[in-house]
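Data file: data-v6.txt. Format and content: compact mmCIF, C-alpha atoms.
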# COMPACT_ATOMS: atom_id res chain seq x y z
CA MET A 1 124.77 -20.42 -55.03
CA ARG A 2 126.71 -17.20 -54.69
CA THR A 3 124.85 -13.92 -54.28
CA PRO A 4 125.04 -12.02 -57.58
CA THR A 5 126.63 -8.59 -57.57
CA THR A 6 125.02 -5.67 -59.35
CA SER A 7 128.21 -3.62 -59.78
CA ARG A 8 129.64 -3.55 -63.28
CA PRO A 9 133.19 -4.97 -63.49
CA PRO A 10 136.01 -2.99 -65.05
CA PRO A 11 136.33 -3.60 -68.80
CA PRO A 12 138.96 -6.14 -69.83
CA SER A 13 142.09 -5.17 -71.69
CA ALA A 14 141.85 -5.04 -75.47
CA LEU A 15 142.10 -8.49 -77.05
CA ARG A 16 142.92 -9.76 -80.51
CA THR A 17 139.76 -11.35 -81.89
CA ALA A 18 138.42 -13.28 -84.86
CA VAL A 19 134.88 -13.73 -86.14
CA VAL A 20 134.05 -17.19 -87.50
CA VAL A 21 130.82 -16.64 -89.41
CA ASN A 22 128.52 -18.95 -91.34
CA PRO A 23 127.43 -16.74 -94.27
CA THR A 24 124.30 -18.83 -94.89
CA LYS A 25 122.97 -18.05 -91.41
CA VAL A 26 123.41 -14.28 -91.43
CA ALA A 27 120.84 -12.17 -93.26
CA ASP A 28 122.94 -8.98 -93.34
CA ARG A 29 126.68 -9.55 -93.04
CA ASP A 30 127.45 -5.85 -93.45
CA ASP A 31 125.19 -5.04 -90.50
CA LEU A 32 126.85 -7.77 -88.43
CA ARG A 33 130.29 -6.43 -89.28
CA ARG A 34 129.34 -2.86 -88.40
CA THR A 35 127.90 -3.99 -85.07
CA ILE A 36 130.98 -5.93 -84.03
CA THR A 37 133.72 -3.67 -85.34
CA GLY A 38 131.95 -0.53 -84.14
CA ALA A 39 131.53 -1.87 -80.59
CA LEU A 40 135.11 -3.19 -80.42
CA SER A 41 136.55 0.03 -81.82
CA ALA A 42 134.61 2.14 -79.31
CA ALA A 43 136.11 0.01 -76.53
CA GLY A 44 139.65 0.42 -77.90
CA TRP A 45 139.93 -3.09 -79.29
CA PRO A 46 141.56 -3.82 -82.67
CA GLU A 47 139.49 -4.81 -85.69
CA PRO A 48 138.85 -8.58 -85.73
CA MET A 49 139.88 -11.11 -88.34
CA TRP A 50 136.94 -12.32 -90.47
CA LEU A 51 136.80 -16.00 -91.37
CA GLU A 52 133.85 -17.53 -93.24
CA THR A 53 132.84 -21.16 -92.87
CA THR A 54 132.37 -23.44 -95.87
CA ALA A 55 130.30 -26.50 -96.67
CA ASP A 56 133.40 -28.63 -96.06
CA ASP A 57 134.54 -26.85 -92.90
CA PRO A 58 131.81 -25.51 -90.58
CA GLY A 59 134.24 -23.65 -88.31
CA ALA A 60 136.87 -25.91 -86.78
CA GLY A 61 139.54 -25.11 -89.36
CA GLN A 62 138.87 -21.39 -89.19
CA SER A 63 139.02 -21.41 -85.38
CA GLY A 64 142.25 -23.40 -85.48
CA GLN A 65 143.72 -20.85 -87.87
CA ALA A 66 142.70 -18.05 -85.51
CA VAL A 67 144.45 -19.79 -82.61
CA ARG A 68 147.63 -20.23 -84.65
CA ASP A 69 147.51 -16.55 -85.62
CA GLY A 70 147.57 -15.53 -81.96
CA VAL A 71 143.93 -14.56 -81.50
CA GLN A 72 142.76 -14.43 -77.88
CA LEU A 73 139.00 -14.61 -78.47
CA VAL A 74 136.83 -16.14 -81.20
CA PHE A 75 133.31 -14.96 -81.98
CA ALA A 76 131.22 -17.86 -83.34
CA CYS A 77 128.37 -16.57 -85.47
CA GLY A 78 126.14 -19.22 -86.99
CA GLY A 79 123.85 -22.06 -86.05
CA ASP A 80 124.51 -25.02 -83.77
CA GLY A 81 126.90 -26.66 -86.22
CA THR A 82 129.12 -23.58 -86.42
CA VAL A 83 129.23 -23.17 -82.65
CA MET A 84 129.99 -26.85 -82.08
CA ALA A 85 132.85 -26.76 -84.62
CA CYS A 86 134.35 -23.78 -82.78
CA VAL A 87 133.92 -25.54 -79.43
CA THR A 88 135.75 -28.57 -80.81
CA ALA A 89 138.68 -26.44 -82.02
CA LEU A 90 138.96 -24.23 -78.92
CA ALA A 91 138.50 -26.85 -76.17
CA GLY A 92 141.76 -27.31 -74.33
CA THR A 93 143.12 -23.87 -75.29
CA ASP A 94 143.19 -20.52 -73.49
CA VAL A 95 141.35 -18.82 -76.35
CA ALA A 96 137.89 -17.66 -75.27
CA LEU A 97 134.72 -18.42 -77.22
CA ALA A 98 131.98 -15.82 -77.62
CA VAL A 99 128.66 -16.94 -79.09
CA LEU A 100 126.82 -14.57 -81.43
CA PRO A 101 123.28 -15.85 -81.97
CA ALA A 102 122.36 -16.68 -85.54
CA GLY A 103 120.44 -19.39 -87.34
CA THR A 104 117.13 -20.84 -86.22
CA GLY A 105 118.49 -22.80 -83.33
CA ASN A 106 121.49 -22.12 -81.15
CA LEU A 107 121.44 -24.13 -77.98
CA LEU A 108 124.50 -22.54 -76.42
CA ALA A 109 123.19 -19.03 -77.10
CA ALA A 110 119.87 -20.06 -75.51
CA ASN A 111 121.70 -21.28 -72.41
CA LEU A 112 123.50 -17.94 -72.23
CA GLY A 113 120.20 -16.05 -72.53
CA LEU A 114 121.40 -14.37 -75.73
CA THR A 115 119.07 -15.72 -78.40
CA GLY A 116 118.58 -13.26 -81.26
CA ASP A 117 120.55 -10.36 -79.78
CA VAL A 118 123.99 -9.79 -81.31
CA ALA A 119 124.50 -6.43 -79.56
CA ALA A 120 123.94 -8.01 -76.13
CA ALA A 121 126.34 -10.84 -77.01
CA VAL A 122 129.06 -8.31 -77.90
CA GLU A 123 128.32 -6.42 -74.68
CA VAL A 124 128.88 -9.65 -72.72
CA VAL A 125 132.32 -9.94 -74.30
CA LEU A 126 133.22 -6.34 -73.44
CA GLN A 127 132.05 -6.72 -69.85
CA GLY A 128 134.66 -9.45 -69.39
CA GLY A 129 132.63 -12.32 -67.94
CA ARG A 130 134.63 -15.52 -68.51
CA ARG A 131 134.02 -19.02 -67.25
CA ARG A 132 135.73 -22.34 -67.82
CA ILE A 133 133.11 -24.97 -68.54
CA ASP A 134 133.18 -28.69 -69.22
CA VAL A 135 132.67 -30.08 -72.70
CA GLY A 136 131.25 -33.42 -73.73
CA VAL A 137 133.12 -35.51 -76.27
CA VAL A 138 131.72 -37.90 -78.90
CA GLY A 139 134.37 -39.31 -81.21
CA GLU A 140 136.40 -36.39 -82.57
CA GLN A 141 133.73 -33.79 -81.78
CA SER A 142 133.14 -31.76 -78.63
CA PHE A 143 129.87 -30.16 -77.51
CA ALA A 144 128.97 -27.63 -74.85
CA VAL A 145 125.26 -28.28 -74.27
CA MET A 146 123.96 -31.80 -74.92
CA ALA A 147 124.05 -34.95 -77.00
CA GLY A 148 121.03 -37.09 -77.76
CA MET A 149 119.90 -40.37 -79.25
CA GLY A 150 116.37 -41.16 -80.37
CA PHE A 151 113.33 -38.88 -80.47
CA ASP A 152 115.21 -35.56 -80.17
CA ALA A 153 117.34 -36.38 -83.22
CA HIS A 154 114.26 -37.64 -85.10
CA MET A 155 112.60 -34.28 -84.36
CA LEU A 156 115.58 -32.33 -85.71
CA ASP A 157 115.67 -34.44 -88.86
CA ALA A 158 111.94 -33.99 -89.47
CA THR A 159 111.90 -30.21 -89.03
CA ASN A 160 111.54 -28.31 -92.28
CA SER A 161 114.32 -25.76 -92.95
CA THR A 162 111.86 -23.27 -94.42
CA ALA A 163 109.68 -23.49 -91.33
CA LYS A 164 112.73 -22.96 -89.12
CA LYS A 165 113.61 -19.83 -91.06
CA HIS A 166 110.15 -18.31 -90.53
CA LEU A 167 109.14 -19.72 -87.13
CA GLY A 168 112.46 -20.18 -85.33
CA TRP A 169 112.55 -22.81 -82.58
CA LEU A 170 108.73 -23.18 -82.71
CA ALA A 171 109.18 -25.03 -86.01
CA TYR A 172 110.56 -27.98 -84.06
CA ALA A 173 107.06 -28.65 -82.70
CA ALA A 174 105.94 -29.83 -86.14
CA GLY A 175 108.97 -32.10 -86.41
CA ALA A 176 108.23 -33.48 -82.96
CA ALA A 177 104.58 -34.20 -83.81
CA LYS A 178 105.65 -36.51 -86.63
CA HIS A 179 107.43 -38.84 -84.20
CA LEU A 180 105.34 -38.71 -81.01
CA ARG A 181 103.95 -42.19 -81.64
CA ASP A 182 107.17 -43.89 -82.78
CA ARG A 183 108.04 -47.12 -81.02
CA PRO A 184 110.53 -46.85 -78.14
CA MET A 185 114.16 -47.85 -78.37
CA ARG A 186 115.66 -50.92 -76.70
CA ILE A 187 118.91 -49.82 -75.11
CA ARG A 188 121.55 -50.74 -72.56
CA ILE A 189 123.12 -47.89 -70.59
CA THR A 190 126.48 -48.02 -68.82
CA LEU A 191 127.49 -45.17 -66.50
CA ASP A 192 131.20 -45.10 -65.62
CA ASP A 193 132.14 -48.51 -64.18
CA ARG A 194 128.72 -49.18 -62.65
CA PRO A 195 126.63 -52.19 -63.70
CA SER A 196 124.78 -51.56 -66.95
CA PHE A 197 120.97 -51.52 -67.10
CA THR A 198 118.34 -51.75 -69.82
CA ARG A 199 115.52 -49.37 -70.68
CA ARG A 200 112.93 -48.83 -73.42
CA PRO A 201 112.93 -45.02 -73.72
CA ARG A 202 111.97 -42.67 -76.51
CA THR A 203 115.15 -40.67 -76.14
CA VAL A 204 118.27 -40.30 -74.00
CA ILE A 205 119.87 -36.89 -73.48
CA VAL A 206 123.41 -36.47 -72.14
CA GLY A 207 123.85 -32.86 -71.08
CA ASN A 208 126.37 -30.41 -69.68
CA VAL A 209 123.86 -27.57 -69.20
CA GLY A 210 120.13 -27.82 -68.94
CA ARG A 211 118.17 -25.64 -71.38
CA LEU A 212 116.43 -26.79 -74.55
CA GLN A 213 115.18 -24.65 -77.44
CA GLY A 214 112.86 -21.91 -76.22
CA GLY A 215 114.57 -21.79 -72.84
CA MET A 216 112.82 -24.83 -71.32
CA ARG A 217 115.00 -26.48 -68.67
CA LEU A 218 115.38 -30.24 -69.07
CA LEU A 219 118.20 -30.83 -66.58
CA ASN A 220 117.55 -28.68 -63.52
CA ASP A 221 120.61 -29.84 -61.62
CA ALA A 222 123.11 -29.64 -64.47
CA GLN A 223 126.19 -27.55 -63.67
CA PRO A 224 128.45 -26.44 -66.52
CA ASP A 225 131.70 -26.94 -64.59
CA ASP A 226 131.19 -29.80 -62.14
CA GLY A 227 133.08 -32.38 -64.21
CA LEU A 228 129.92 -34.47 -64.63
CA LEU A 229 127.55 -35.30 -67.45
CA ASP A 230 123.83 -35.25 -66.62
CA VAL A 231 121.75 -37.99 -68.23
CA ALA A 232 117.99 -37.85 -68.83
CA VAL A 233 116.16 -41.01 -69.92
CA LEU A 234 112.70 -40.09 -71.24
CA SER A 235 110.15 -42.89 -71.60
CA PRO A 236 106.69 -41.54 -72.55
CA ARG A 237 104.43 -44.03 -74.31
CA THR A 238 101.29 -42.06 -75.08
CA LEU A 239 100.29 -38.50 -75.91
CA ARG A 240 99.09 -38.14 -72.34
CA HIS A 241 102.54 -39.15 -71.11
CA TRP A 242 104.15 -36.50 -73.33
CA VAL A 243 101.82 -33.81 -71.98
CA SER A 244 102.51 -34.86 -68.38
CA LEU A 245 106.25 -34.87 -69.00
CA GLY A 246 106.19 -31.44 -70.65
CA TRP A 247 104.06 -29.98 -67.86
CA GLY A 248 106.45 -31.34 -65.25
CA LEU A 249 109.40 -29.75 -67.02
CA LEU A 250 107.64 -26.40 -67.35
CA ARG A 251 106.87 -26.39 -63.63
CA ARG A 252 110.46 -27.46 -62.89
CA ARG A 253 109.40 -30.21 -60.53
CA GLY A 254 112.06 -32.20 -58.71
CA THR A 255 110.59 -35.43 -60.04
CA VAL A 256 109.10 -35.63 -63.52
CA ALA A 257 106.93 -38.54 -64.61
CA ARG A 258 108.45 -40.75 -67.34
CA MET A 259 111.91 -39.27 -66.83
CA GLU A 260 114.92 -40.66 -64.97
CA THR A 261 118.13 -38.70 -64.34
CA PHE A 262 121.67 -39.81 -63.58
CA THR A 263 125.20 -38.36 -63.51
CA ALA A 264 128.46 -39.83 -64.76
CA THR A 265 131.76 -38.96 -66.41
CA ARG A 266 131.38 -41.62 -69.11
CA VAL A 267 128.04 -42.59 -70.65
CA GLN A 268 127.61 -45.47 -73.09
CA ILE A 269 124.25 -46.05 -74.76
CA ARG A 270 123.82 -49.11 -76.95
CA SER A 271 120.70 -49.81 -78.99
CA ASN A 272 119.50 -52.97 -80.70
CA ARG A 273 119.11 -51.00 -83.94
CA VAL A 274 120.56 -47.92 -85.62
CA GLN A 275 119.27 -44.67 -84.11
CA PRO A 276 119.50 -41.00 -85.12
CA ARG A 277 121.90 -38.92 -83.00
CA GLN A 278 122.58 -35.23 -82.40
CA LEU A 279 125.16 -33.02 -80.74
CA ASP A 280 124.14 -29.54 -79.59
CA GLY A 281 121.16 -29.56 -81.94
CA ASP A 282 123.18 -30.66 -84.98
CA LEU A 283 122.62 -34.09 -86.50
CA ILE A 284 125.52 -36.54 -86.70
CA ALA A 285 125.65 -39.93 -88.39
CA PRO A 286 123.08 -42.48 -87.11
CA ALA A 287 124.53 -45.42 -85.19
CA ARG A 288 123.68 -48.11 -82.67
CA GLU A 289 125.88 -46.55 -79.99
CA LEU A 290 126.41 -43.17 -78.39
CA LEU A 291 129.54 -42.96 -76.22
CA VAL A 292 130.03 -39.66 -74.36
CA THR A 293 132.91 -38.62 -72.12
CA VAL A 294 133.67 -35.32 -70.40
CA ARG A 295 136.64 -32.94 -70.50
CA PRO A 296 136.41 -30.91 -67.28
CA LYS A 297 136.72 -27.12 -67.63
CA ALA A 298 138.17 -27.43 -71.13
CA LEU A 299 136.44 -24.40 -72.70
CA LEU A 300 136.87 -20.74 -71.78
CA LEU A 301 133.46 -19.20 -72.50
CA CYS A 302 132.27 -15.59 -72.50
CA VAL A 303 129.26 -15.42 -70.17
CA PRO A 304 127.03 -12.70 -68.68
CA GLN A 305 128.11 -11.26 -65.35
CA PRO A 306 128.26 -12.44 -62.64
CA ASP A 307 130.35 -15.18 -64.20
CA THR A 308 130.28 -17.30 -61.03
CA ASP A 309 126.52 -17.89 -61.02
CA PRO A 310 125.52 -21.53 -61.70
CA ASP A 311 123.05 -20.35 -64.34
CA LEU A 312 125.02 -19.21 -67.39
CA ALA A 313 122.17 -16.87 -68.34
CA HIS A 314 121.70 -15.40 -64.85
CA ASP A 315 121.97 -11.71 -65.75
CA ALA A 316 121.77 -11.67 -69.53
CA ASP A 317 119.01 -9.06 -69.23
CA ALA A 318 121.53 -6.60 -67.75
CA ALA A 319 123.82 -7.08 -70.75
CA ARG A 320 120.84 -6.57 -73.03
CA ARG A 321 120.01 -3.27 -71.37
CA GLU A 322 123.60 -2.06 -71.36
CA ALA A 323 123.97 -2.91 -75.06
CA GLY A 324 121.87 0.18 -75.83
CA ASP A 325 124.99 2.20 -76.64
CA ILE A 326 126.00 -0.36 -79.26
CA ARG A 327 122.55 -0.22 -80.88
CA GLU A 328 122.50 3.58 -80.84
CA ALA A 329 125.91 3.80 -82.46
CA LEU A 330 124.84 1.35 -85.18
CA ALA A 331 121.64 3.32 -85.81
CA ALA A 332 123.67 6.52 -86.12
CA GLN A 333 125.90 4.91 -88.75
CA LYS A 334 122.82 3.98 -90.79
CA SER A 335 121.25 7.46 -90.60
CA PRO A 336 121.60 9.55 -93.80
Could you express the structure from this file as structure tokens?
Amino acid sequence: MRTPTTSRPPPPSALRTAVVVNPTKVADRDDLRRTITGALSAAGWPEPMWLETTADDPGAGQSGQAVRDGVQLVFACGGDGTVMACVTALAGTDVALAVLPAGTGNLLAANLGLTGDVAAAVEVVLQGGRRRIDVGVVGEQSFAVMAGMGFDAHMLDATNSTAKKHLGWLAYAAGAAKHLRDRPMRIRITLDDRPSFTRRPRTVIVGNVGRLQGGMRLLNDAQPDDGLLDVAVLSPRTLRHWVSLGWGLLRRRGTVARMETFTATRVQIRSNRVQPRQLDGDLIAPARELLVTVRPKALLLCVPQPDTDPDLAHDADAARREAGDIREALAAQKSP
């Protein structure tokens, strides 16, 4: 791990930007617009394009349009589905992605340490931290954080949208409780060209970075740009097993009971029955198989400085402190 630097880097040159926003996830779009345009204008950047998602297109089409129009950076403002759609469109290009936290979940924002703080997310962009990270691929979709099959997708499906709106990520606990005693899956796992093996887990997570909702680290050794997918096979059977597993994760132990970890560039999970599936916290169609591959360093992502630290959220607190000017300017605009 490199030693972080505390010196602030010079600001990047002005870039052409676009904001891809999910209007259903933003409580005050005018406030969002003032925050972004005010901060960019103060830094000498041009006003961004504004592109709203729709029920039929959660962000991929809008991001693709931005790329064709010559934009150099796309702000993704929405929940997990919006961010994942932007990741899918921007992977393999030189257009940077900046995540603006919105919605009740946002796994990539959580892994950047930017949950719930739009001003800090804009400050990260202006500071110029950029990092090329891997993306996982399932079918035609790409993800930046993790894919899952089994309990985690059941939990997402069972979580009430109203509860998410009022409680945030804590609402997922109620969804999880509904499925703690479900029967395990019967699966066969194949990692690259190694011999396949069978397991009876509750869930399998294939990740690129390690944090879950609420900041809990599931995959301690996951690196966002090592060209590998990290696989966690979780096999608790009883409530006591779940408690032991959760405690082990909270304490960040090297070995966690009821959890096996592996790495690969291609992960195939086959079940004897149809299972729920998710990508970056967004449900996709249930199926008996989850096939995940990796595209190394395909996505240019805006990250807190220092942008070389293995932890994408290493110094997000510094960006949060330095975003004070953005907040003060916004407050001044609101004053009578």
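Nearest-residue note for Val118 in chain A: choosing from A:Arg240, A:Arg33, A:Arg217, A:Arg186, the minimum distance belongs to A:Arg33, counting all atoms listed in the file.
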Quiz item: What's the 8 Å shell around range 137-143 of chain A, counting all atoms listed in the file, without same-chain residues fewer than 3 positions away, as a list of chain:residue names?
Solution: A:Met84, A:Ala85, A:Val87, A:Thr88, A:Ala91, A:Met146, A:Ala147, A:Leu279, A:Asp280, A:Leu290, A:Leu291, A:Val292, A:Thr293, A:Val294, A:Arg295
Quiz item: What is the distance, in Å and to one decimal place, between CA of Ala119 in chain A and CA of Cys86 in chain A?
Solution: 20.2 Å
Practice problem: Do a neighbour search on Ala96 in chain A at 8 Å with all atoms listed in the file, toss out local chain neighbours closer than 6 positions, and write the hits as an MDAnalysis selection string. | Solution: chainID A and resid 72:74 90 130 299:302
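A straight line drawn from CA of Gly38 in chain A to CA of Ala144 in chain A is 28.8 Å long.
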Self-check item: Distance query Asp226 in chain A at most 9 Å, all atoms listed in the file, self and fewer than 2 positions along chain excluded, as a PyMOL selection string
Solution: chain A and resi 133-134+208+222-224+228-229+296-297
Practice problem: Skip Leu114 in chain A itself and residues of its chain fewer than 3 positions away, then list as number ranges by chain all residues within 9 Å of it, counting all atoms listed in the file. | Solution: A: 99-101, 108-111, 117-118, 120-121, 313, 316-317, 320
Self-check item: From A:Arg327, A:Arg16, A:Arg131, A:Lys25, residue lying nearest Asp69 in chain A [all atoms listed in the file]
Solution: A:Arg16
Quiz item: How far is it from CA of Asn220 in chain A to CA of Ala257 in chain A, in Å with one decimal?
Solution: 14.5 Å
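Closest approach to Ser235 in chain A among A:Gly150, A:Ser196, A:Pro304, A:Ala287: A:Gly150, based on only C-alpha atoms.
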Given 8 Å of margin on each side, can you work out the centre and size in Å (one decimal) of an axis-aligned box holding every listed atom of range 141-148 of chain A, as JSON?
{"center_x": 127.4, "center_y": -32.4, "center_z": -78.0, "size_x": 28.7, "size_y": 25.5, "size_z": 23.5}
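Distance annotation: of A:Pro236, A:Gly254, A:Gly248, A:Gly92, the residue with the minimal separation from Asp221 in chain A is A:Gly254; atom set is only C-alpha atoms.
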